[in-house]
Amino acid sequence: MSGTGMSSTATTARTADDERLRRWRLVLGGGEADGTGRPLTGTDAAVDGALTALYGRADRGGDRTGRDRSAGLGASAPSVARWLGDIRTYFPSSVVQVMQRDAIDRLGLATLLLEPEMLEAVEADVHLVGTLLSLHKAMPETTRRTARAVVRKVVDDLEKRLATRTRATLTGALDRSARISRPRHRDIDWDRTIRANLKNYLPEHHTVVPERLVGHGRASQGVKKEIVLCVDQSGSMAASVVHASVFGAVLASMRSIATRLVVFDTAVVDLTDRLDDPVDVLFGTQLGGGTDINRALAHCQTKITRPADTVVVLVSDLYEGGIRDEMLKRVAAMKASGVQFVALLALSDEGAPAYDRDHAAALAALGVPAFACTPDLFPEIMAAALEKRPLPIPAE
């Protein structure tokens, strides 16, 4: 091997070693060179500083109790706003959102969200919306306007992503549920008609003689189905409340569906009259408090006028603070009257939450499986409920 080749190989090895030390230094995140012999400079030092402010310790050993302490955000909105700007510079949006949530939880920054300048710097997501909703009654008017703008941005983004598919999926389900046996020629569903008449196939003529036509009913301007969204607004359900409000507004925009939105903790609030604007719905909620599912279902039960054409969707982790047996009796009574009942442990992208397994098992015994549902799956769940077919329950 030539000297030039050996030199190139050695240089490459040194570069790889330097990069490895750099990465270890960023991972270790301690003081000075932290045993690696490689101090951080430039962007690396800024990244390390942003991480240390949130996850580091005030000194290398922590305090005498062994607990971690914050090392740099302080207690003022300007310093936090600067930090928010830094992490948005150095990390992708998904990481920024995680760090923001950690900052709120670890450093007690919830009260700083009352400051307009901090809200303007924050990366908005459904988790931030949940925090803002829990604080909004304590906000001064100037901050409330900024908070509303933040919530509006998140809601608009969600609606753009979910609305078109939801309307298309449910419109198809409503059309299919309106099939008639004597359709006009242009309304015949030929695929289903052929399948329904395969027994009448005439091999000598290579054709099917349709004794029964299957078709879609013509679209009507009247209400075909009713949907009641009954949503737990206890603090653990914040992301579900946000998504349910968006879906409620989308459903309410469909003339063939009458939509009702009820939120509850130990009290029950009917927000149906605000469904034209999901931001109004969200600011009408009050995250936190206990849970009384029985009382909420009792309210919903009084609003059902067409049981056979109604779908009730309970969104709750099922931790019942009310009367358990009465709650189960109400579910059984609604099902017996013809109501399609759906129980969602969560309506979010966060997976299955902690939930009351005894209550979930009791609902399953009534023929109501309880499961977590993502926003992307929700239209399919609703379409199946409207058509009274088995729900596409995701595998755990």
# chains A, B, ... in the order shown; residues from 1 in each chain; ligands from 1

call {"tool": "select_by_dssp", "arguments": {"residues": "region 109-288 of chain A", "states": "strand (DSSP E)", "output": "list in words"}}
result
Tyr201, Leu202, Thr207, Val208, Lys225, Glu226, Ile227, Val228, Leu229, Cys230, Val231, Asp232, Ile257, Ala258, Thr259, Arg260, Leu261, Val262, Val263, Phe264, Val268, Val269 and Asp270 of chain A

call {"tool": "write_last_selection", "arguments": {"atoms": "C-alpha atoms", "output": "PDB file, in the first residue's frame"}}
result
ATOM      1  CA  TYR A 201     -77.443 -17.682 -13.978  1.00  0.00           C
ATOM      2  CA  LEU A 202     -78.510 -19.214 -17.353  1.00  0.00           C
ATOM      3  CA  THR A 207     -76.316 -14.263 -18.456  1.00  0.00           C
ATOM      4  CA  VAL A 208     -77.937 -13.660 -15.086  1.00  0.00           C
ATOM      5  CA  LYS A 225     -78.972   9.332  10.833  1.00  0.00           C
ATOM      6  CA  GLU A 226     -78.264  10.864  14.222  1.00  0.00           C
ATOM      7  CA  ILE A 227     -74.873  10.760  15.949  1.00  0.00           C
ATOM      8  CA  VAL A 228     -74.314  11.591  19.607  1.00  0.00           C
ATOM      9  CA  LEU A 229     -70.706  12.180  20.665  1.00  0.00           C
ATOM     10  CA  CYS A 230     -70.424  11.809  24.452  1.00  0.00           C
ATOM     11  CA  VAL A 231     -66.903  12.865  25.415  1.00  0.00           C
ATOM     12  CA  ASP A 232     -65.100  12.575  28.741  1.00  0.00           C
ATOM     13  CA  ILE A 257     -76.555  13.662   9.835  1.00  0.00           C
ATOM     14  CA  ALA A 258     -77.929  15.308  12.963  1.00  0.00           C
ATOM     15  CA  THR A 259     -74.959  15.616  15.345  1.00  0.00           C
ATOM     16  CA  ARG A 260     -74.968  16.246  19.076  1.00  0.00           C
ATOM     17  CA  LEU A 261     -71.849  16.836  21.187  1.00  0.00           C
ATOM     18  CA  VAL A 262     -71.966  16.331  24.950  1.00  0.00           C
ATOM     19  CA  VAL A 263     -68.898  16.722  27.188  1.00  0.00           C
ATOM     20  CA  PHE A 264     -68.761  15.690  30.806  1.00  0.00           C
ATOM     21  CA  VAL A 268     -72.667  17.489  31.797  1.00  0.00           C
ATOM     22  CA  VAL A 269     -72.459  20.242  29.170  1.00  0.00           C
ATOM     23  CA  ASP A 270     -74.261  20.061  25.821  1.00  0.00           C
TER      24      ASP A 270
END

call {"tool": "select_by_dssp", "arguments": {"residues": "region 101-194 of chain A", "states": "helix (DSSP H, G or I)", "output": "JSON, numbers by chain"}}
result
{"A": [101, 102, 103, 104, 105, 106, 107, 110, 111, 112, 113, 114, 116, 117, 118, 119, 120, 121, 126, 127, 128, 129, 130, 131, 132, 133, 134, 135, 136, 137, 138, 141, 142, 143, 144, 145, 146, 147, 148, 149, 150, 151, 152, 153, 154, 155, 156, 157, 158, 159, 160, 161, 162, 163, 164, 165, 166, 167, 168, 169, 170, 171, 172, 173, 174, 175, 176, 177, 185, 186, 187, 190, 191, 192, 193, 194]}

call {"tool": "closest_atom_pairs", "arguments": {"of": "region 119-193 of chain A", "to": "region 330-352 of chain A", "cutoff": "12 Å", "atoms": "only C-alpha atoms", "output": "Markdown table"}}
result
| residue | atom | partner | partner_atom | distance |
| --- | --- | --- | --- | --- |
| A:Asp125 | CA | A:Asp349 | CA | 11.9 |
| A:Val126 | CA | A:Ser348 | CA | 9.3 |
| A:His127 | CA | A:Ser348 | CA | 10.6 |
| A:Leu158 | CA | A:Ser348 | CA | 11.5 |

call {"tool": "write_last_selection", "arguments": {"atoms": "N, CA, C and O atoms", "output": "mmCIF file, in the first residue's frame"}}
result
data_model
loop_
_atom_site.group_PDB
_atom_site.id
_atom_site.type_symbol
_atom_site.label_atom_id
_atom_site.label_comp_id
_atom_site.auth_asym_id
_atom_site.auth_seq_id
_atom_site.Cartn_x
_atom_site.Cartn_y
_atom_site.Cartn_z
ATOM 1 N N ASP A 125 -49.409 21.967 18.961
ATOM 2 C CA ASP A 125 -49.916 20.630 18.693
ATOM 3 C C ASP A 125 -51.080 20.371 19.644
ATOM 4 O O ASP A 125 -51.436 21.223 20.457
ATOM 5 N N VAL A 126 -51.695 19.171 19.528
ATOM 6 C CA VAL A 126 -52.889 18.905 20.331
ATOM 7 C C VAL A 126 -52.575 18.888 21.824
ATOM 8 O O VAL A 126 -53.434 19.202 22.644
ATOM 9 N N HIS A 127 -51.349 18.534 22.190
ATOM 10 C CA HIS A 127 -50.997 18.499 23.613
ATOM 11 C C HIS A 127 -50.927 19.914 24.187
ATOM 12 O O HIS A 127 -51.383 20.171 25.305
ATOM 13 N N LEU A 158 -55.955 20.106 11.669
ATOM 14 C CA LEU A 158 -56.635 18.826 11.837
ATOM 15 C C LEU A 158 -57.823 18.696 10.889
ATOM 16 O O LEU A 158 -58.053 17.643 10.281
#

call {"tool": "closest_residue", "arguments": {"among": "A:Val154, A:Val95, A:Leu128, A:Met237", "to": "Pro278 (chain A)", "atoms": "only C-alpha atoms"}}
result
A:Val154

call {"tool": "residues_around", "arguments": {"residues": "Gly130 (chain A)", "least_positions_apart": "6", "cutoff": "12 Å", "atoms": "only C-alpha atoms", "output": "JSON, numbers by chain"}}
result
{"A": [101, 104, 110, 113, 124, 136, 147, 150, 151, 154, 155, 233, 234, 235, 236, 237, 238, 239, 240, 241, 242, 243, 282, 283, 285, 286, 287, 288]}

call {"tool": "residues_around", "arguments": {"residues": "Ala46 (chain A)", "least_positions_apart": "3", "cutoff": "12 Å", "atoms": "only C-alpha atoms", "output": "PDB file with N, CA, C and O atoms, in the first residue's frame"}}
result
ATOM      1  N   LEU A  26     -22.275  14.568  23.163  1.00  0.00           N
ATOM      2  CA  LEU A  26     -23.641  15.097  23.136  1.00  0.00           C
ATOM      3  C   LEU A  26     -24.576  14.210  23.960  1.00  0.00           C
ATOM      4  O   LEU A  26     -25.480  14.697  24.635  1.00  0.00           O
ATOM      5  N   GLY A  29     -23.694  14.747  27.874  1.00  0.00           N
ATOM      6  CA  GLY A  29     -24.277  16.011  28.288  1.00  0.00           C
ATOM      7  C   GLY A  29     -23.837  16.541  29.626  1.00  0.00           C
ATOM      8  O   GLY A  29     -24.603  17.245  30.289  1.00  0.00           O
ATOM      9  N   LEU A  40     -17.232  20.835  23.305  1.00  0.00           N
ATOM     10  CA  LEU A  40     -18.190  21.183  22.251  1.00  0.00           C
ATOM     11  C   LEU A  40     -18.050  22.651  21.863  1.00  0.00           C
ATOM     12  O   LEU A  40     -17.825  23.508  22.723  1.00  0.00           O
ATOM     13  N   THR A  41     -18.214  22.925  20.593  1.00  0.00           N
ATOM     14  CA  THR A  41     -18.140  24.299  20.099  1.00  0.00           C
ATOM     15  C   THR A  41     -19.273  24.546  19.116  1.00  0.00           C
ATOM     16  O   THR A  41     -19.907  23.605  18.624  1.00  0.00           O
ATOM     17  N   GLY A  42     -19.505  25.802  18.807  1.00  0.00           N
ATOM     18  CA  GLY A  42     -20.459  26.181  17.769  1.00  0.00           C
ATOM     19  C   GLY A  42     -21.851  25.631  17.986  1.00  0.00           C
ATOM     20  O   GLY A  42     -22.403  25.679  19.094  1.00  0.00           O
ATOM     21  N   THR A  43     -22.413  25.054  16.923  1.00  0.00           N
ATOM     22  CA  THR A  43     -23.775  24.526  16.969  1.00  0.00           C
ATOM     23  C   THR A  43     -23.904  23.418  18.005  1.00  0.00           C
ATOM     24  O   THR A  43     -24.916  23.317  18.713  1.00  0.00           O
ATOM     25  N   GLY A  49     -26.500  23.050  25.122  1.00  0.00           N
ATOM     26  CA  GLY A  49     -27.063  23.999  26.078  1.00  0.00           C
ATOM     27  C   GLY A  49     -28.576  23.915  26.145  1.00  0.00           C
ATOM     28  O   GLY A  49     -29.173  23.986  27.230  1.00  0.00           O
ATOM     29  N   ALA A  50     -29.223  23.756  24.976  1.00  0.00           N
ATOM     30  CA  ALA A  50     -30.683  23.653  24.954  1.00  0.00           C
ATOM     31  C   ALA A  50     -31.156  22.395  25.675  1.00  0.00           C
ATOM     32  O   ALA A  50     -32.149  22.415  26.409  1.00  0.00           O
ATOM     33  N   LEU A  51     -30.444  21.285  25.480  1.00  0.00           N
ATOM     34  CA  LEU A  51     -30.802  20.039  26.153  1.00  0.00           C
ATOM     35  C   LEU A  51     -30.532  20.115  27.659  1.00  0.00           C
ATOM     36  O   LEU A  51     -31.321  19.636  28.466  1.00  0.00           O
ATOM     37  N   THR A  52     -29.393  20.730  28.012  1.00  0.00           N
ATOM     38  CA  THR A  52     -29.041  20.847  29.429  1.00  0.00           C
ATOM     39  C   THR A  52     -30.051  21.704  30.181  1.00  0.00           C
ATOM     40  O   THR A  52     -30.390  21.422  31.340  1.00  0.00           O
ATOM     41  N   ALA A  53     -30.551  22.758  29.526  1.00  0.00           N
ATOM     42  CA  ALA A  53     -31.534  23.620  30.175  1.00  0.00           C
ATOM     43  C   ALA A  53     -32.766  22.843  30.606  1.00  0.00           C
ATOM     44  O   ALA A  53     -33.397  23.146  31.616  1.00  0.00           O
ATOM     45  N   TRP A  83     -35.436  29.996  24.580  1.00  0.00           N
ATOM     46  CA  TRP A  83     -35.156  28.563  24.539  1.00  0.00           C
ATOM     47  C   TRP A  83     -36.032  27.873  23.502  1.00  0.00           C
ATOM     48  O   TRP A  83     -35.573  27.006  22.743  1.00  0.00           O
ATOM     49  N   GLY A  85     -37.215  29.172  20.820  1.00  0.00           N
ATOM     50  CA  GLY A  85     -36.644  29.516  19.522  1.00  0.00           C
ATOM     51  C   GLY A  85     -35.424  28.672  19.201  1.00  0.00           C
ATOM     52  O   GLY A  85     -35.236  28.227  18.064  1.00  0.00           O
ATOM     53  N   ASP A  86     -34.590  28.429  20.211  1.00  0.00           N
ATOM     54  CA  ASP A  86     -33.387  27.613  20.005  1.00  0.00           C
ATOM     55  C   ASP A  86     -33.746  26.187  19.595  1.00  0.00           C
ATOM     56  O   ASP A  86     -33.173  25.639  18.647  1.00  0.00           O
ATOM     57  N   ILE A  87     -34.660  25.564  20.328  1.00  0.00           N
ATOM     58  CA  ILE A  87     -34.945  24.156  20.020  1.00  0.00           C
ATOM     59  C   ILE A  87     -35.632  24.022  18.664  1.00  0.00           C
ATOM     60  O   ILE A  87     -35.461  23.013  17.980  1.00  0.00           O
ATOM     61  N   THR A  89     -34.832  25.757  16.164  1.00  0.00           N
ATOM     62  CA  THR A  89     -33.723  25.897  15.215  1.00  0.00           C
ATOM     63  C   THR A  89     -32.957  24.589  15.055  1.00  0.00           C
ATOM     64  O   THR A  89     -32.569  24.218  13.942  1.00  0.00           O
ATOM     65  N   TYR A  90     -32.763  23.873  16.165  1.00  0.00           N
ATOM     66  CA  TYR A  90     -31.837  22.742  16.155  1.00  0.00           C
ATOM     67  C   TYR A  90     -32.508  21.375  16.040  1.00  0.00           C
ATOM     68  O   TYR A  90     -31.832  20.384  15.757  1.00  0.00           O
ATOM     69  N   PHE A  91     -33.835  21.296  16.257  1.00  0.00           N
ATOM     70  CA  PHE A  91     -34.487  19.993  16.264  1.00  0.00           C
ATOM     71  C   PHE A  91     -35.706  19.999  15.339  1.00  0.00           C
ATOM     72  O   PHE A  91     -36.321  21.044  15.123  1.00  0.00           O
TER      73      PHE A  91
END

call {"tool": "residues_around", "arguments": {"residues": "Ala267 (chain A)", "least_positions_apart": "3", "cutoff": "10 Å", "atoms": "only C-alpha atoms", "output": "ChimeraX atom specification"}}
result
/A:233,263-264,289-293,295-296

call {"tool": "write_last_selection", "arguments": {"atoms": "C-alpha atoms", "output": "short mmCIF file (atom, residue, chain, number, x, y, z; two decimals), in the first residue's frame"}}
result
data_model
loop_
_atom_site.label_atom_id
_atom_site.label_comp_id
_atom_site.auth_asym_id
_atom_site.auth_seq_id
_atom_site.Cartn_x
_atom_site.Cartn_y
_atom_site.Cartn_z
CA GLN A 233 -63.36 15.90 29.43
CA VAL A 263 -68.90 16.72 27.19
CA PHE A 264 -68.76 15.69 30.81
CA GLY A 289 -62.24 17.10 37.47
CA GLY A 290 -63.89 13.74 38.10
CA THR A 291 -66.06 11.56 35.88
CA ASP A 292 -69.75 10.66 35.90
CA ILE A 293 -70.43 8.59 32.80
CA ARG A 295 -75.07 11.13 34.29
CA ALA A 296 -73.73 11.93 30.81
#
